[in-house]
Amino acid sequence: MTFSWRIPPWERFEDCTYLAVMLTDAGAGEFRFTSEGVRGDDPIEALADLLMMPGSMLGLMPSYPALIGVVVRRGISSDWIAEPPVTVSRDGRGRWQIAIAETDLPDVTVFTPTEITGLVSRLQFQYGRTDI
């Protein structure tokens, strides 16, 4: 398995081009978020940067039960860092649903826990554990 980049995003010395918002279950139907700038040429590279950067909780844990998902947005926005326009709720089956309140956005991608776990496995197979 190979990736198309020449230099992995977490090893690049460049400015962040995406914003990643990690959503976690806070209990009682509430959620928490953490936002940070990440590097990459597309949303998957940006997510890979988030997963493989040193100290990443997502890269350290094979499964992260509180994880709801990660929203990756092209471009850095101070509004999104402080209060991303994300709504999280449960559907009729109890599964988390993520909605973005803004309709006129640059590239925004929502990654599910299953997609994130799959990418972590692929990255660790290709590169080993670079997160510690």
# chains A, B, ... in the order shown; residues from 1 in each chain; ligands from 1
call {"tool": "select_by_dssp", "arguments": {"residues": "range 8-130 of chain A", "states": "strand (DSSP E or B)", "output": "ChimeraX atom specification"}}
result
/A:18-27,30-38,67-74,86-90,96-100,108-111
call {"tool": "write_last_selection", "arguments": {"atoms": "N, CA and C atoms", "output": "compact mmCIF listing (two decimals), in the first residue's frame"}}
result
# COMPACT_ATOMS: atom_id res chain seq x y z
N TYR A 18 -5.25 23.49 6.00
CA TYR A 18 -6.57 22.99 6.38
C TYR A 18 -6.77 23.17 7.87
N LEU A 19 -8.02 23.12 8.27
CA LEU A 19 -8.38 23.15 9.68
C LEU A 19 -9.10 21.84 9.97
N ALA A 20 -8.68 21.15 11.02
CA ALA A 20 -9.31 19.90 11.42
C ALA A 20 -10.05 20.12 12.73
N VAL A 21 -11.30 19.69 12.79
CA VAL A 21 -12.11 19.79 13.99
C VAL A 21 -12.45 18.37 14.43
N MET A 22 -11.88 17.94 15.56
CA MET A 22 -12.16 16.62 16.08
C MET A 22 -13.35 16.71 17.04
N LEU A 23 -14.35 15.89 16.82
CA LEU A 23 -15.57 15.89 17.62
C LEU A 23 -15.60 14.64 18.49
N THR A 24 -15.82 14.82 19.79
CA THR A 24 -15.88 13.68 20.71
C THR A 24 -17.14 13.77 21.57
N ASP A 25 -17.59 12.61 22.00
CA ASP A 25 -18.77 12.47 22.84
C ASP A 25 -18.44 12.94 24.25
N ALA A 26 -19.16 13.94 24.74
CA ALA A 26 -18.96 14.46 26.10
C ALA A 26 -19.95 13.86 27.08
N GLY A 27 -20.83 12.98 26.61
CA GLY A 27 -21.84 12.38 27.45
C GLY A 27 -23.09 13.24 27.53
N GLU A 30 -24.16 15.57 24.65
CA GLU A 30 -23.33 16.73 24.32
C GLU A 30 -22.05 16.26 23.61
N PHE A 31 -21.39 17.21 22.95
CA PHE A 31 -20.12 16.89 22.31
C PHE A 31 -19.10 17.97 22.60
N ARG A 32 -17.84 17.60 22.44
CA ARG A 32 -16.72 18.53 22.57
C ARG A 32 -16.03 18.61 21.22
N PHE A 33 -15.30 19.68 21.03
CA PHE A 33 -14.50 19.77 19.82
C PHE A 33 -13.14 20.35 20.14
N THR A 34 -12.15 19.97 19.34
CA THR A 34 -10.84 20.59 19.35
C THR A 34 -10.51 20.91 17.90
N SER A 35 -9.97 22.09 17.68
CA SER A 35 -9.64 22.53 16.33
C SER A 35 -8.16 22.81 16.24
N GLU A 36 -7.56 22.45 15.11
CA GLU A 36 -6.18 22.80 14.89
C GLU A 36 -5.85 22.82 13.41
N GLY A 37 -4.84 23.60 13.06
CA GLY A 37 -4.39 23.68 11.69
C GLY A 37 -3.58 22.44 11.34
N VAL A 38 -3.76 21.97 10.13
CA VAL A 38 -3.03 20.80 9.64
C VAL A 38 -2.54 21.07 8.21
N LEU A 67 -14.88 9.06 20.00
CA LEU A 67 -14.78 9.79 18.74
C LEU A 67 -16.10 9.77 17.98
N ILE A 68 -16.55 10.95 17.59
CA ILE A 68 -17.74 11.09 16.75
C ILE A 68 -17.32 11.24 15.29
N GLY A 69 -16.27 11.99 15.05
CA GLY A 69 -15.76 12.20 13.70
C GLY A 69 -14.81 13.37 13.65
N VAL A 70 -14.28 13.60 12.44
CA VAL A 70 -13.40 14.74 12.21
C VAL A 70 -13.91 15.48 10.98
N VAL A 71 -14.03 16.79 11.11
CA VAL A 71 -14.41 17.65 9.99
C VAL A 71 -13.15 18.38 9.54
N VAL A 72 -12.84 18.28 8.25
CA VAL A 72 -11.66 18.93 7.70
C VAL A 72 -12.14 20.01 6.74
N ARG A 73 -11.65 21.22 6.95
CA ARG A 73 -12.05 22.39 6.16
C ARG A 73 -10.83 22.99 5.49
N ARG A 74 -10.91 23.26 4.20
CA ARG A 74 -9.82 23.91 3.48
C ARG A 74 -9.75 25.37 3.95
N VAL A 86 -20.74 23.54 13.46
CA VAL A 86 -21.02 22.10 13.36
C VAL A 86 -22.13 21.75 14.33
N THR A 87 -23.07 20.97 13.86
CA THR A 87 -24.14 20.47 14.71
C THR A 87 -24.02 18.96 14.78
N VAL A 88 -24.11 18.44 15.99
CA VAL A 88 -24.01 17.00 16.19
C VAL A 88 -25.27 16.53 16.92
N SER A 89 -25.88 15.47 16.41
CA SER A 89 -27.06 14.91 17.06
C SER A 89 -27.10 13.42 16.78
N ARG A 90 -28.00 12.74 17.46
CA ARG A 90 -28.15 11.30 17.24
C ARG A 90 -29.38 11.06 16.37
N TRP A 96 -24.41 8.88 15.70
CA TRP A 96 -24.11 10.30 15.61
C TRP A 96 -24.26 10.77 14.17
N GLN A 97 -24.81 11.95 14.03
CA GLN A 97 -24.94 12.63 12.73
C GLN A 97 -24.26 13.99 12.85
N ILE A 98 -23.44 14.32 11.87
CA ILE A 98 -22.72 15.58 11.86
C ILE A 98 -23.26 16.43 10.72
N ALA A 99 -23.62 17.67 11.02
CA ALA A 99 -24.09 18.60 10.00
C ALA A 99 -23.29 19.89 10.12
N ILE A 100 -23.06 20.51 8.97
CA ILE A 100 -22.34 21.78 8.92
C ILE A 100 -23.38 22.88 8.69
N VAL A 108 -15.15 21.13 2.46
CA VAL A 108 -15.35 20.59 3.81
C VAL A 108 -15.64 19.11 3.67
N THR A 109 -14.92 18.29 4.45
CA THR A 109 -15.08 16.85 4.40
C THR A 109 -15.31 16.34 5.81
N VAL A 110 -16.27 15.45 5.98
CA VAL A 110 -16.53 14.83 7.28
C VAL A 110 -16.05 13.39 7.22
N PHE A 111 -15.21 13.01 8.17
CA PHE A 111 -14.69 11.65 8.26
C PHE A 111 -15.33 10.96 9.46
call {"tool": "select_by_dssp", "arguments": {"residues": "range 63-105 of chain A", "states": "helix (DSSP H, G or I)", "output": "number ranges by chain"}}
result
A: 78-82
call {"tool": "write_last_selection", "arguments": {"atoms": "N, CA, C and O atoms", "output": "short mmCIF file (atom, residue, chain, number, x, y, z; two decimals), in the first residue's frame"}}
result
data_model
loop_
_atom_site.label_atom_id
_atom_site.label_comp_id
_atom_site.auth_asym_id
_atom_site.auth_seq_id
_atom_site.Cartn_x
_atom_site.Cartn_y
_atom_site.Cartn_z
N SER A 78 -10.40 31.71 11.92
CA SER A 78 -10.42 31.91 13.37
C SER A 78 -11.80 31.63 13.94
O SER A 78 -11.94 31.18 15.08
N ASP A 79 -12.85 31.90 13.16
CA ASP A 79 -14.21 31.58 13.62
C ASP A 79 -14.36 30.08 13.83
O ASP A 79 -14.97 29.64 14.81
N TRP A 80 -13.85 29.30 12.90
CA TRP A 80 -13.95 27.84 13.02
C TRP A 80 -13.10 27.31 14.17
O TRP A 80 -13.45 26.31 14.80
N ILE A 81 -11.98 27.95 14.44
CA ILE A 81 -11.14 27.50 15.56
C ILE A 81 -11.88 27.72 16.87
O ILE A 81 -11.90 26.85 17.74
N ALA A 82 -12.52 28.87 17.01
CA ALA A 82 -13.22 29.22 18.25
C ALA A 82 -14.57 28.52 18.38
O ALA A 82 -14.92 28.03 19.46
#
call {"tool": "residues_around", "arguments": {"residues": "Asp41 in chain A", "least_positions_apart": "5", "cutoff": "9 Å", "atoms": "only C-alpha atoms", "output": "VMD selection string"}}
result
chain A and resid 5 9 17 to 18 46
call {"tool": "write_last_selection", "arguments": {"atoms": "N, CA and C atoms", "output": "compact mmCIF listing (two decimals), in the first residue's frame"}}
result
# COMPACT_ATOMS: atom_id res chain seq x y z
N TRP A 5 1.75 11.00 -1.95
CA TRP A 5 2.63 12.12 -1.62
C TRP A 5 4.09 11.71 -1.66
N PRO A 9 2.65 14.52 5.01
CA PRO A 9 2.29 15.84 5.53
C PRO A 9 2.89 16.15 6.90
N THR A 17 -2.73 24.37 5.74
CA THR A 17 -3.66 24.74 4.67
C THR A 17 -5.09 24.29 4.96
N TYR A 18 -5.25 23.49 6.00
CA TYR A 18 -6.57 22.99 6.38
C TYR A 18 -6.77 23.17 7.87
N ALA A 46 -4.62 16.07 4.97
CA ALA A 46 -4.82 16.87 6.17
C ALA A 46 -5.18 15.98 7.36
call {"tool": "atom_distance", "arguments": {"atom1": "CA of Arg6 in chain A", "atom2": "CA of Gly75 in chain A"}}
result
21.9 Å
call {"tool": "atom_distance", "arguments": {"atom1": "CA of Gly94 in chain A", "atom2": "CA of Pro65 in chain A"}}
result
14.4 Å
call {"tool": "atom_distance", "arguments": {"atom1": "CA of Pro8 in chain A", "atom2": "CA of Met53 in chain A"}}
result
10.5 Å
call {"tool": "closest_residue", "arguments": {"among": "A:Ala66, A:Val120, A:Cys16, A:Met52", "to": "Gly29 in chain A", "atoms": "only C-alpha atoms"}}
result
A:Ala66
call {"tool": "closest_residue", "arguments": {"among": "A:Tyr127, A:Gly55, A:Pro113, A:Leu50", "to": "Ile7 in chain A", "atoms": "only C-alpha atoms"}}
result
A:Tyr127
